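Note: the block below is query_38.csv and it holds CSV, C-alpha atoms.
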```
chain,number,residue,atom,x,y,z
A,1,MET,CA,49.5,-8.9,48.2
A,2,GLU,CA,49.5,-5.6,46.5
A,3,LYS,CA,53.3,-5.9,46.0
A,4,GLU,CA,52.8,-9.3,44.4
A,5,LEU,CA,50.1,-8.0,42.0
A,6,ALA,CA,52.2,-5.0,41.1
A,7,ALA,CA,55.1,-7.3,40.2
A,8,LEU,CA,52.8,-9.5,38.1
A,9,GLU,CA,51.5,-6.4,36.3
A,10,ARG,CA,55.0,-5.1,35.6
A,11,ASN,CA,56.0,-8.5,34.3
A,12,GLN,CA,52.9,-8.5,32.0
A,13,THR,CA,52.1,-12.0,33.3
A,14,TRP,CA,48.5,-11.9,31.8
A,15,GLU,CA,45.9,-9.9,30.0
A,16,LEU,CA,42.2,-9.7,30.7
A,17,VAL,CA,40.1,-11.2,27.9
A,18,PRO,CA,36.5,-12.5,27.6
A,19,LYS,CA,36.0,-16.0,28.7
A,20,PRO,CA,36.5,-18.3,25.6
A,21,ASN,CA,33.7,-20.5,24.4
A,22,GLY,CA,34.2,-24.0,25.7
A,23,GLY,CA,37.3,-23.0,27.7
A,24,LYS,CA,37.7,-24.0,31.3
A,25,PRO,CA,39.9,-21.5,33.2
A,26,ILE,CA,41.9,-22.8,36.1
A,27,PHE,CA,41.6,-21.2,39.5
A,28,CYS,CA,44.3,-19.5,41.5
A,29,LYS,CA,44.8,-18.8,45.2
A,30,TRP,CA,46.9,-16.9,47.6
A,31,VAL,CA,49.7,-18.6,49.6
A,32,TYR,CA,51.3,-17.0,52.6
A,33,LYS,CA,54.9,-17.7,53.6
A,34,ILE,CA,57.4,-16.7,56.3
A,35,LYS,CA,60.9,-16.1,54.9
A,36,ARG,CA,63.4,-16.9,57.6
A,37,ARG,CA,67.1,-16.1,58.0
A,38,THR,CA,69.8,-18.7,58.5
A,39,LYS,CA,69.4,-18.7,62.3
A,40,GLY,CA,65.6,-19.0,62.2
A,41,SER,CA,64.6,-15.4,62.8
A,42,ILE,CA,61.8,-13.9,60.6
A,43,GLU,CA,63.1,-11.9,57.6
A,44,ARG,CA,59.8,-11.0,56.0
A,45,HIS,CA,56.2,-12.1,55.4
A,46,LYS,CA,55.4,-12.9,51.8
A,47,ALA,CA,52.1,-13.4,49.8
A,48,CYS,CA,52.3,-15.4,46.6
A,49,LEU,CA,49.7,-15.8,43.9
A,50,VAL,CA,49.7,-19.4,42.6
A,51,ALA,CA,47.8,-21.3,40.0
A,52,ARG,CA,45.9,-24.5,40.9
A,53,GLY,CA,48.0,-26.5,38.6
A,54,PHE,CA,46.6,-29.8,39.7
A,55,SER,CA,43.5,-29.1,37.6
A,56,GLN,CA,45.7,-28.9,34.4
A,57,GLN,CA,45.3,-31.7,31.9
A,58,TYR,CA,48.3,-33.3,30.2
A,59,GLY,CA,48.3,-32.7,26.5
A,60,LEU,CA,45.7,-29.9,26.7
A,61,ASP,CA,47.3,-27.4,29.2
A,62,TYR,CA,50.9,-28.6,29.2
A,63,ASP,CA,53.2,-31.1,27.5
A,64,GLU,CA,56.8,-31.4,28.9
A,65,ALA,CA,57.1,-30.4,32.6
A,66,PHE,CA,60.5,-31.8,33.6
A,67,SER,CA,63.1,-29.3,34.9
A,68,PRO,CA,66.6,-30.2,36.1
A,69,VAL,CA,67.9,-29.1,39.5
A,70,ALA,CA,71.4,-29.1,40.8
A,71,LYS,CA,72.6,-32.4,42.4
A,72,LEU,CA,73.9,-32.3,45.9
A,73,THR,CA,77.1,-33.9,44.7
A,74,THR,CA,77.6,-31.0,42.2
A,75,VAL,CA,77.1,-28.5,45.0
A,76,CYS,CA,79.6,-30.2,47.3
A,77,VAL,CA,82.2,-30.5,44.5
A,78,LEU,CA,81.8,-26.8,43.6
A,79,LEU,CA,82.2,-25.8,47.2
A,80,ALA,CA,85.3,-28.0,47.6
A,81,LEU,CA,86.9,-26.6,44.4
A,82,ALA,CA,86.2,-23.0,45.6
A,83,ALA,CA,87.7,-23.7,49.0
A,84,SER,CA,90.8,-25.3,47.4
A,85,LYS,CA,91.4,-22.4,45.1
A,86,ASN,CA,90.3,-19.7,47.6
A,87,TRP,CA,87.6,-18.4,45.3
A,88,ASN,CA,84.8,-16.2,46.6
A,89,LEU,CA,81.3,-17.8,46.6
A,90,TRP,CA,78.5,-15.3,45.8
A,91,GLN,CA,74.9,-16.1,46.2
A,92,MET,CA,72.0,-14.4,44.4
A,93,ASP,CA,68.2,-14.9,44.4
A,94,VAL,CA,66.0,-14.3,41.4
A,95,LYS,CA,62.8,-12.4,42.4
A,96,ASN,CA,59.6,-13.9,41.0
A,97,ALA,CA,61.7,-16.3,39.0
A,98,PHE,CA,58.9,-18.4,37.6
A,99,LEU,CA,57.2,-15.3,36.2
A,100,HIS,CA,60.0,-14.9,33.6
A,101,GLY,CA,59.2,-18.2,31.9
A,102,GLU,CA,57.2,-17.9,28.6
A,103,LEU,CA,54.3,-20.3,27.8
A,104,ASP,CA,53.9,-22.1,24.6
A,105,LEU,CA,50.3,-23.1,25.1
A,106,GLU,CA,47.2,-20.9,25.8
A,107,ILE,CA,46.1,-21.1,29.4
A,108,TYR,CA,43.2,-19.1,31.0
A,109,MET,CA,42.8,-18.4,34.7
A,110,ASN,CA,40.2,-16.8,36.8
A,111,GLN,CA,41.0,-13.4,38.3
A,112,PRO,CA,42.6,-13.4,41.8
A,113,MET,CA,40.1,-13.5,44.6
A,114,GLY,CA,39.6,-10.0,46.1
A,115,PHE,CA,41.2,-8.2,43.2
A,116,LEU,CA,38.5,-8.4,40.4
A,117,SER,CA,38.8,-5.8,37.7
A,118,LEU,CA,36.2,-3.0,38.2
A,119,ASP,CA,35.8,-2.6,34.5
A,120,HIS,CA,35.7,-6.2,33.5
A,121,PRO,CA,34.7,-8.4,36.5
A,122,LYS,CA,33.7,-11.3,34.3
A,123,TYR,CA,36.8,-11.4,32.2
A,124,VAL,CA,39.5,-14.1,32.7
A,125,CYS,CA,43.3,-13.9,32.7
A,126,LYS,CA,45.0,-15.1,29.6
A,127,LEU,CA,48.5,-16.1,30.8
A,128,ARG,CA,51.4,-14.7,28.8
A,129,LYS,CA,54.0,-16.0,31.2
A,130,ALA,CA,54.3,-18.7,33.7
A,131,LEU,CA,52.8,-18.5,37.2
A,132,TYR,CA,53.8,-20.4,40.3
A,133,GLU,CA,52.4,-24.0,40.6
A,134,LEU,CA,51.7,-24.3,36.8
A,135,LYS,CA,52.9,-27.7,35.7
A,136,GLN,CA,55.3,-26.2,33.2
A,137,ALA,CA,56.4,-23.2,35.2
A,138,PRO,CA,59.8,-24.7,36.5
A,139,ARG,CA,60.7,-25.9,33.0
A,140,ALA,CA,59.8,-22.5,31.4
A,141,TRP,CA,62.0,-20.7,34.0
A,142,TYR,CA,64.9,-23.0,33.5
A,143,GLY,CA,64.7,-22.6,29.8
A,144,LYS,CA,64.9,-18.8,30.2
A,145,ILE,CA,67.9,-18.7,32.6
A,146,ALA,CA,69.7,-21.4,30.5
A,147,GLU,CA,69.2,-19.4,27.3
A,148,PHE,CA,70.5,-16.2,29.0
A,149,LEU,CA,73.6,-17.9,30.4
A,150,THR,CA,74.3,-19.6,27.0
A,151,HIS,CA,74.1,-16.3,25.2
A,152,SER,CA,76.5,-14.9,27.8
A,153,GLY,CA,79.2,-17.4,26.8
A,154,TYR,CA,78.5,-20.1,29.4
A,155,LEU,CA,78.4,-23.8,28.5
A,156,MET,CA,76.1,-26.3,30.2
A,157,THR,CA,78.1,-29.2,31.7
A,158,SER,CA,77.3,-32.7,30.5
A,159,THR,CA,77.2,-34.2,34.0
A,160,ASP,CA,74.7,-31.7,35.5
A,161,SER,CA,72.5,-29.4,33.4
A,162,SER,CA,72.3,-26.9,36.3
A,163,LEU,CA,76.0,-26.1,36.2
A,164,PHE,CA,77.3,-23.6,33.7
A,165,ILE,CA,80.9,-22.9,33.0
A,166,LYS,CA,82.6,-20.1,31.0
A,167,VAL,CA,86.3,-20.3,30.0
A,168,GLU,CA,87.7,-17.3,28.2
A,169,GLU,CA,91.4,-16.5,27.9
A,170,ARG,CA,92.2,-18.8,30.8
A,171,LYS,CA,89.6,-17.1,33.0
A,172,LEU,CA,87.1,-19.4,34.6
A,173,ALA,CA,83.6,-18.5,35.9
A,174,MET,CA,80.9,-20.9,37.1
A,175,VAL,CA,77.2,-20.5,37.8
A,176,LEU,CA,75.2,-23.1,39.6
A,177,VAL,CA,71.4,-22.9,39.3
A,178,TYR,CA,68.9,-24.4,41.7
A,179,VAL,CA,65.5,-23.0,40.7
A,180,ASP,CA,65.8,-19.3,41.7
A,181,ASP,CA,68.9,-19.6,43.8
A,182,LEU,CA,72.3,-19.0,42.1
A,183,ILE,CA,75.9,-19.6,43.2
A,184,ILE,CA,78.5,-17.7,41.3
A,185,THR,CA,82.2,-18.3,41.6
A,186,GLY,CA,85.4,-18.6,39.6
A,187,ASP,CA,89.1,-17.7,39.5
A,188,CYS,CA,88.5,-14.3,37.8
A,189,GLU,CA,86.7,-12.0,40.1
A,190,GLU,CA,86.2,-9.4,37.3
A,191,GLU,CA,84.3,-12.0,35.2
A,192,VAL,CA,82.3,-13.1,38.2
A,193,LEU,CA,81.2,-9.5,39.1
A,194,GLN,CA,80.4,-8.9,35.4
A,195,THR,CA,78.1,-12.0,35.4
A,196,LYS,CA,76.4,-10.7,38.5
A,197,GLU,CA,75.8,-7.3,36.9
A,198,ASN,CA,74.5,-8.9,33.7
A,199,LEU,CA,72.0,-11.0,35.7
A,200,SER,CA,70.8,-8.0,37.6
A,201,VAL,CA,70.2,-6.1,34.4
A,202,ARG,CA,68.2,-9.0,32.8
A,203,PHE,CA,66.3,-10.2,35.9
A,204,GLN,CA,65.2,-8.7,39.2
A,205,MET,CA,67.9,-10.1,41.5
A,206,LYS,CA,68.5,-10.0,45.2
A,207,GLU,CA,72.1,-9.8,46.2
A,208,LEU,CA,72.7,-12.2,49.2
A,209,GLY,CA,76.5,-11.6,49.5
A,210,HIS,CA,78.9,-14.4,50.3
A,211,LEU,CA,77.3,-17.9,50.4
A,212,LYS,CA,76.1,-18.7,53.9
A,213,HIS,CA,73.0,-21.0,53.4
A,214,PHE,CA,72.1,-23.2,50.4
A,215,LEU,CA,69.7,-26.2,50.1
A,216,GLY,CA,69.4,-26.5,53.9
A,217,LEU,CA,73.2,-26.5,54.2
A,218,GLU,CA,74.8,-23.8,56.4
A,219,VAL,CA,78.2,-22.7,55.1
A,220,ASP,CA,80.7,-21.2,57.7
A,221,HIS,CA,83.9,-19.6,56.4
A,222,CYS,CA,87.2,-18.7,58.1
A,223,GLU,CA,90.7,-18.0,56.8
A,224,THR,CA,91.7,-21.7,56.8
A,225,ARG,CA,88.6,-23.7,56.1
A,226,MET,CA,85.0,-24.0,54.9
A,227,PHE,CA,82.6,-25.9,57.1
A,228,LEU,CA,79.2,-27.3,55.9
A,229,HIS,CA,76.7,-28.4,58.4
A,230,GLN,CA,72.9,-28.7,59.1
A,231,GLN,CA,72.8,-27.7,62.8
A,232,LYS,CA,69.6,-25.6,62.4
A,233,TYR,CA,67.8,-28.2,60.4
A,234,SER,CA,68.7,-30.9,62.9
A,235,ARG,CA,67.6,-28.8,65.8
A,236,ASP,CA,64.3,-28.0,64.1
A,237,LEU,CA,63.8,-31.8,63.5
A,238,LEU,CA,64.4,-32.6,67.1
A,239,LYS,CA,62.1,-29.8,68.3
A,240,LYS,CA,59.4,-31.0,65.9
A,241,PHE,CA,59.3,-34.5,67.5
A,242,GLY,CA,59.9,-33.4,71.1
A,243,MET,CA,63.4,-34.8,71.2
A,244,LEU,CA,65.4,-31.6,71.7
A,245,ASN,CA,66.2,-32.4,75.3
A,246,SER,CA,66.7,-36.2,74.7
A,247,LYS,CA,69.8,-38.0,75.9
A,248,PRO,CA,72.4,-38.2,73.1
A,249,ILE,CA,73.6,-41.6,71.9
A,250,SER,CA,76.7,-42.5,69.9
A,251,THR,CA,75.2,-45.2,67.5
A,252,GLN,CA,72.2,-45.0,65.2
A,253,MET,CA,70.9,-48.6,65.8
A,254,GLU,CA,71.6,-51.5,68.2
A,255,PRO,CA,73.9,-54.0,66.5
A,256,HIS,CA,71.7,-57.0,67.3
A,257,VAL,CA,68.5,-55.5,65.8
A,258,LYS,CA,67.3,-57.6,62.8
A,259,MET,CA,66.8,-54.4,60.7
A,260,CYS,CA,70.5,-53.8,60.3
A,261,ALA,CA,71.3,-51.6,57.3
A,262,ASN,CA,71.0,-47.9,56.3
A,263,GLU,CA,68.9,-46.8,59.2
A,264,ILE,CA,66.7,-44.3,57.4
A,265,GLY,CA,66.1,-46.7,54.5
A,266,VAL,CA,65.2,-49.4,57.0
A,267,MET,CA,62.6,-47.3,58.7
A,268,ASN,CA,60.9,-46.5,55.3
A,269,ARG,CA,60.5,-50.2,54.6
A,270,TYR,CA,58.2,-50.7,57.5
A,271,LEU,CA,55.9,-47.7,57.1
A,272,GLN,CA,53.0,-50.0,56.1
A,273,ASN,CA,53.2,-52.1,59.2
A,274,LEU,CA,54.6,-50.1,62.1
A,275,LYS,CA,55.4,-51.7,65.4
A,276,LYS,CA,56.7,-50.4,68.8
A,277,SER,CA,60.2,-51.6,67.9
A,278,HIS,CA,60.2,-49.4,64.8
A,279,LEU,CA,59.2,-46.3,66.9
A,280,GLU,CA,61.9,-47.0,69.4
A,281,ALA,CA,64.4,-47.4,66.5
A,282,VAL,CA,63.4,-44.0,65.1
A,283,ARG,CA,63.7,-42.4,68.5
A,284,ARG,CA,67.2,-43.8,68.7
A,285,ILE,CA,68.1,-42.3,65.4
A,286,LEU,CA,66.9,-38.9,66.6
A,287,ARG,CA,69.0,-39.3,69.8
A,288,TYR,CA,72.0,-40.0,67.5
A,289,VAL,CA,71.2,-36.8,65.6
A,290,LYS,CA,71.3,-34.9,68.9
A,291,SER,CA,74.8,-36.3,69.5
A,292,THR,CA,76.0,-35.1,66.1
A,293,LEU,CA,74.7,-31.5,66.0
A,294,GLY,CA,78.2,-30.2,65.6
A,295,TYR,CA,79.2,-32.6,62.8
A,296,GLY,CA,79.7,-31.5,59.2
A,297,ILE,CA,82.0,-31.5,56.2
A,298,MET,CA,85.2,-29.5,56.3
A,299,PHE,CA,87.1,-28.3,53.2
A,300,LYS,CA,90.6,-26.8,53.9
A,301,LYS,CA,91.4,-23.7,51.9
A,302,GLY,CA,94.4,-23.3,49.7
A,303,GLU,CA,95.2,-27.0,49.4
A,304,ASP,CA,95.4,-29.2,46.3
A,305,TYR,CA,92.7,-31.8,46.5
A,306,ARG,CA,92.8,-35.4,45.3
A,307,LEU,CA,89.7,-37.4,44.5
A,308,VAL,CA,89.5,-40.6,46.6
A,309,GLY,CA,86.7,-43.1,46.5
A,310,TYR,CA,85.8,-46.1,48.7
A,311,CYS,CA,83.1,-48.7,48.2
A,312,ASP,CA,82.0,-51.8,50.1
A,313,ALA,CA,79.1,-54.2,50.5
A,314,ASN,CA,77.7,-56.7,53.0
A,315,TYR,CA,76.3,-60.1,51.9
A,316,ALA,CA,72.6,-60.8,52.2
A,317,GLY,CA,72.3,-58.2,55.0
A,318,ASP,CA,68.6,-57.8,54.5
A,319,HIS,CA,67.1,-60.8,56.4
A,320,ASP,CA,63.7,-60.4,54.7
A,321,THR,CA,64.8,-60.3,51.1
A,322,ARG,CA,68.4,-61.6,51.3
A,323,ARG,CA,69.6,-58.6,49.3
A,324,SER,CA,73.0,-57.0,50.0
A,325,THR,CA,73.6,-53.4,50.7
A,326,THR,CA,76.1,-51.1,48.8
A,327,GLY,CA,77.9,-48.3,50.5
A,328,TYR,CA,80.3,-45.8,48.8
A,329,LEU,CA,82.0,-42.6,49.7
A,330,PHE,CA,84.0,-40.1,47.5
A,331,MET,CA,86.1,-37.4,49.1
A,332,LEU,CA,87.9,-34.3,47.7
A,333,GLY,CA,90.7,-33.6,50.2
A,334,PHE,CA,89.3,-34.0,53.7
A,335,GLY,CA,85.6,-33.5,52.8
A,336,ALA,CA,83.0,-35.9,51.5
A,337,VAL,CA,81.3,-34.9,48.2
A,338,SER,CA,79.3,-38.0,47.3
A,339,TRP,CA,78.0,-40.9,49.4
A,340,CYS,CA,75.4,-43.6,49.3
A,341,SER,CA,74.0,-46.5,51.3
A,342,LYS,CA,71.5,-48.5,49.2
A,343,ARG,CA,70.1,-52.0,48.9
A,344,GLN,CA,71.2,-53.7,45.7
A,345,PRO,CA,68.4,-54.3,43.1
A,346,MET,CA,68.9,-58.1,43.0
A,347,VAL,CA,70.0,-61.0,45.2
A,348,SER,CA,73.8,-61.7,45.0
A,349,LEU,CA,74.8,-65.3,45.0
A,350,SER,CA,78.2,-64.6,46.7
A,351,MET,CA,80.2,-62.0,48.5
A,352,THR,CA,82.2,-61.5,45.4
A,353,GLU,CA,79.1,-60.7,43.4
A,354,ALA,CA,77.9,-58.2,46.0
A,355,GLU,CA,81.3,-56.5,46.0
A,356,TYR,CA,81.2,-56.2,42.2
A,357,TRP,CA,77.7,-54.7,42.4
A,358,ALA,CA,79.0,-52.1,44.9
A,359,ALA,CA,82.0,-51.2,42.7
A,360,ALA,CA,79.8,-50.8,39.6
A,361,MET,CA,77.4,-48.5,41.5
A,362,ALA,CA,80.2,-46.4,42.8
A,363,ALA,CA,81.8,-46.1,39.4
A,364,GLN,CA,78.6,-44.8,37.9
```
Mind converting the file's structure to structure tokens?
Amino acid sequence: MEKELAALERNQTWELVPKPNGGKPIFCKWVYKIKRRTKGSIERHKACLVARGFSQQYGLDYDEAFSPVAKLTTVCVLLALAASKNWNLWQMDVKNAFLHGELDLEIYMNQPMGFLSLDHPKYVCKLRKALYELKQAPRAWYGKIAEFLTHSGYLMTSTDSSLFIKVEERKLAMVLVYVDDLIITGDCEEEVLQTKENLSVRFQMKELGHLKHFLGLEVDHCETRMFLHQQKYSRDLLKKFGMLNSKPISTQMEPHVKMCANEIGVMNRYLQNLKKSHLEAVRRILRYVKSTLGYGIMFKKGEDYRLVGYCDANYAGDHDTRRSTTGYLFMLGFGAVSWCSKRQPMVSLSMTEAEYWAAAMAAQ
């Protein structure tokens, strides 16, 4: 807790001022987290001071709050490209990322519990910079990192606002931002290392080395391939529901069950009126997860990739609404980078119409 407060003071996150007349300061609280390594072992214990942002009022304490995050498709495409070109993938973490964001509205907060100022115990904190759990904190941080990368010569891509690309004298460098986690890669190692150094000078960064874990994905490297999987996540899921020692099964659902479609989506449709059959179907899905612990996405290194897409649809597959289901898959080389199984928004009158809907969704 002392380390967290010291970081806030170094960052000049707030200043103590008398409570304003008519002002209603928001409260804050301490949140305790356990930071774990890829294999699940404890790396460190962490205390974080957060604002109770749920008490903020729109139009008074904040305006815009949206902040973009990297799409899973973008992550997969970037990893596939790096594998194809044999680029190094570096990962960095921004320490106290949200504290770098600057606020454009006046926000007052009560002093942290247990750490009242001895000189001014009745003063409140006037926030100069963002704090975790403020409504506008993610947006403020994204604006700060985007501004820095833009000034460093990077351009934001039109398809994903979290991916920044720099092309200079046929040298390519790329930075993918997901909140406070960054992936840095490119065909010019000198430019990549320079970007890492510039980031470390501007922000407090933690060097995580070669990419091994990102967004719940585990990344295994060898000389000939890159393999993405979620073995730890799947094991934790099975352990949570007491299915770790269950008997594996090769199919997600029984073919004759009425709820035939994307199994996870099907289960979500019946949350309001659960029955024993739904519980058994969920258990079957978990048994299928048990049988696929070693499955993942493989990208071969050093090979030229070609983008290939597939799409299909059934006709009136949902027996309750008569809506059809779209499925599509896009692959770079041997690895999938984008996929979907989703009910169509309206009832198709023929198989042809359902197929057109699927093709349109895939093309988008």
message: Using only C-alpha atoms, can you tell me which of A:Val75, A:Val179, A:Ile285, A:Ile297 comes closest to Arg225 of chain A?
response: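 Using only C-alpha atoms, the shortest distance to Arg225 of chain A belongs to A:Ile297.
Atom CA of Thr185 of chain A sits 13.9 Å away from atom CA of Leu199 of chain A.
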Neighbours of point (49.0, -12.7, 29.9) within 6 Å, using all atoms listed in the file, written as a list in words: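 All residues meeting the 6 Å criterion around (49.0, -12.7, 29.9) are Thr13, Trp14, Glu15, Lys126, Leu127 and Arg128 of chain A.
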Residues from last step as file, C-alpha atoms, as a JSON list (two decimals), in the coordinates of the input:
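selection19.json, written as the output of this step:
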```
[["chain", "number", "residue", "atom", "x", "y", "z"],
["A", 13, "THR", "CA", 52.10, -12.00, 33.30],
["A", 14, "TRP", "CA", 48.50, -11.90, 31.80],
["A", 15, "GLU", "CA", 45.90, -9.90, 30.00],
["A", 126, "LYS", "CA", 45.00, -15.10, 29.60],
["A", 127, "LEU", "CA", 48.50, -16.10, 30.80],
["A", 128, "ARG", "CA", 51.40, -14.70, 28.80]]
```
query: Of the residues A:Ser84, A:Gln344, A:Ser152, A:Asn96, which is the one nearest to Lys206 of chain A, using all atoms listed in the file?
result: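 Residue with the minimum atom-to-atom distance to Lys206 of chain A: A:Asn96.
Among the candidates A:Lys144, A:Arg306, A:Lys95, A:Lys232, the one nearest to Val337 of chain A when counting all atoms listed in the file is A:Arg306.
For the set A:Leu286, A:Val308, A:Leu89, A:Met298, the residue with the smallest atom-to-atom gap to His210 of chain A is A:Leu89, counting only C-alpha atoms.
Here atom CA of Met331 of chain A and atom CA of Ala363 of chain A stand 13.7 Å from one another.
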task: Would you list the contacts of Val17 of chain A as number ranges by chain, taking every protein, DNA or RNA residue within 9 Å and counting only C-alpha atoms, but skipping same-chain residues closer than 2 positions in sequence?
output: A: 15, 19-20, 120, 123-126
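Within 10 Å of the point (83.7, -37.7, 39.7), and counting only C-alpha atoms, the protein, DNA and RNA residues are A:Thr73, A:Thr74, A:Val77, A:Thr159, A:Leu307, A:Val308, A:Gly309, A:Phe330, A:Met331, A:Leu332, A:Val337, A:Ser338, A:Ala362, A:Ala363, A:Gln364.
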Produce a file of the selected residues containing C-alpha atoms, as a PDB file, in the coordinates of the input.
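What landed in out16.pdb:
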```pdb
ATOM      1  CA  THR A  73      77.100 -33.900  44.700  1.00  0.00           C
ATOM      2  CA  THR A  74      77.600 -31.000  42.200  1.00  0.00           C
ATOM      3  CA  VAL A  77      82.200 -30.500  44.500  1.00  0.00           C
ATOM      4  CA  THR A 159      77.200 -34.200  34.000  1.00  0.00           C
ATOM      5  CA  LEU A 307      89.700 -37.400  44.500  1.00  0.00           C
ATOM      6  CA  VAL A 308      89.500 -40.600  46.600  1.00  0.00           C
ATOM      7  CA  GLY A 309      86.700 -43.100  46.500  1.00  0.00           C
ATOM      8  CA  PHE A 330      84.000 -40.100  47.500  1.00  0.00           C
ATOM      9  CA  MET A 331      86.100 -37.400  49.100  1.00  0.00           C
ATOM     10  CA  LEU A 332      87.900 -34.300  47.700  1.00  0.00           C
ATOM     11  CA  VAL A 337      81.300 -34.900  48.200  1.00  0.00           C
ATOM     12  CA  SER A 338      79.300 -38.000  47.300  1.00  0.00           C
ATOM     13  CA  ALA A 362      80.200 -46.400  42.800  1.00  0.00           C
ATOM     14  CA  ALA A 363      81.800 -46.100  39.400  1.00  0.00           C
ATOM     15  CA  GLN A 364      78.600 -44.800  37.900  1.00  0.00           C
TER      16      GLN A 364
END
```
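Atom pair atom CA of Cys222 of chain A / atom CA of Lys85 of chain A has a distance of 14.2 Å (rounded to one decimal).
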field: Residue contacts of Phe98 of chain A (10 Å, only C-alpha atoms) excluding same-chain residues fewer than 3 positions away, as a list in words
entry: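 Counting only the stated atoms, we get Val94, Lys95, Gly101, Glu102, Lys129, Ala130, Leu131, Tyr132, Glu133, Leu134, Gln136, Ala137, Pro138, Arg139, Ala140, Trp141, Tyr142, Lys144, Val179 and Asp180 of chain A.
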- request: May I have the residues within 10 Å of Thr251 of chain A as a PyMOL selection string, using only C-alpha atoms and disregarding those fewer than 2 positions away in the same chain?
  value: chain A and resi 248-249+253-255+284-285+287-289+291
Quick one: 4 Å padding each side, axis-aligned, all listed atoms of segment 244-248 of chain A - centre and edge lengths in Å to one decimal, as AutoDock Vina command-line options?
```
--center_x 68.9 --center_y -34.9 --center_z 73.8 --size_x 15.0 --size_y 14.6 --size_z 12.2
```
- request: Skip Gly59 of chain A itself and residues of its chain fewer than 2 positions away, then list as a ChimeraX atom specification all residues within 12 Å of it, counting only C-alpha atoms.
  value: /A:56-57,61-65,105-106,135-136
Counting only C-alpha atoms, which residues of segment 174-229 of chain A fall within 10 Å of segment 164-168 of chain A, and what is the closest atom pair for each with its distance in Å at one decimal, ordered by chain and rising number, as a tab-separated table?
```
residue	atom	partner	partner_atom	distance
A:Met174	CA	A:Ile165	CA	4.6
A:Val175	CA	A:Phe164	CA	5.1
A:Leu176	CA	A:Phe164	CA	6.3
A:Val177	CA	A:Phe164	CA	8.2
A:Ile184	CA	A:Phe164	CA	9.7
A:Thr185	CA	A:Ile165	CA	9.8
A:Gly186	CA	A:Ile165	CA	9.1
A:Glu191	CA	A:Lys166	CA	9.3
```
- prompt: segment 39-43 of chain A: which residues within 12 Å, counting all atoms listed in the file, same-chain residues fewer than 2 positions away excluded, as a count of residues only?
  reply: 18
I need segment 83-94 of chain A from the structure I supplied, saved as a PDB file, in the first residue's frame with N, CA and C atoms retained.
```pdb
ATOM      1  N   ALA A  83       5.072 -14.613 -37.161  1.00  0.00           N
ATOM      2  CA  ALA A  83       5.573 -15.976 -37.355  1.00  0.00           C
ATOM      3  C   ALA A  83       6.023 -16.189 -38.790  1.00  0.00           C
ATOM      4  N   SER A  84       5.247 -15.689 -39.739  1.00  0.00           N
ATOM      5  CA  SER A  84       5.585 -15.858 -41.156  1.00  0.00           C
ATOM      6  C   SER A  84       6.915 -15.201 -41.498  1.00  0.00           C
ATOM      7  N   LYS A  85       7.154 -14.025 -40.922  1.00  0.00           N
ATOM      8  CA  LYS A  85       8.364 -13.257 -41.240  1.00  0.00           C
ATOM      9  C   LYS A  85       9.507 -13.508 -40.257  1.00  0.00           C
ATOM     10  N   ASN A  86       9.278 -14.378 -39.268  1.00  0.00           N
ATOM     11  CA  ASN A  86      10.299 -14.657 -38.249  1.00  0.00           C
ATOM     12  C   ASN A  86      10.697 -13.405 -37.473  1.00  0.00           C
ATOM     13  N   TRP A  87       9.719 -12.569 -37.140  1.00  0.00           N
ATOM     14  CA  TRP A  87       9.989 -11.382 -36.336  1.00  0.00           C
ATOM     15  C   TRP A  87       9.959 -11.744 -34.855  1.00  0.00           C
ATOM     16  N   ASN A  88      10.743 -11.031 -34.076  1.00  0.00           N
ATOM     17  CA  ASN A  88      10.670 -11.171 -32.628  1.00  0.00           C
ATOM     18  C   ASN A  88       9.423 -10.457 -32.116  1.00  0.00           C
ATOM     19  N   LEU A  89       8.779 -11.049 -31.142  1.00  0.00           N
ATOM     20  CA  LEU A  89       7.601 -10.448 -30.503  1.00  0.00           C
ATOM     21  C   LEU A  89       7.967 -10.069 -29.072  1.00  0.00           C
ATOM     22  N   TRP A  90       7.976  -8.774 -28.791  1.00  0.00           N
ATOM     23  CA  TRP A  90       8.331  -8.285 -27.468  1.00  0.00           C
ATOM     24  C   TRP A  90       7.079  -7.819 -26.734  1.00  0.00           C
ATOM     25  N   GLN A  91       7.067  -8.069 -25.441  1.00  0.00           N
ATOM     26  CA  GLN A  91       5.923  -7.658 -24.628  1.00  0.00           C
ATOM     27  C   GLN A  91       6.385  -6.732 -23.514  1.00  0.00           C
ATOM     28  N   MET A  92       5.635  -5.654 -23.312  1.00  0.00           N
ATOM     29  CA  MET A  92       5.932  -4.704 -22.240  1.00  0.00           C
ATOM     30  C   MET A  92       4.643  -4.372 -21.501  1.00  0.00           C
ATOM     31  N   ASP A  93       4.803  -4.023 -20.235  1.00  0.00           N
ATOM     32  CA  ASP A  93       3.665  -3.667 -19.394  1.00  0.00           C
ATOM     33  C   ASP A  93       3.904  -2.270 -18.830  1.00  0.00           C
ATOM     34  N   VAL A  94       2.884  -1.427 -18.900  1.00  0.00           N
ATOM     35  CA  VAL A  94       2.996  -0.064 -18.380  1.00  0.00           C
ATOM     36  C   VAL A  94       2.596  -0.069 -16.911  1.00  0.00           C
TER      37      VAL A  94
END
```
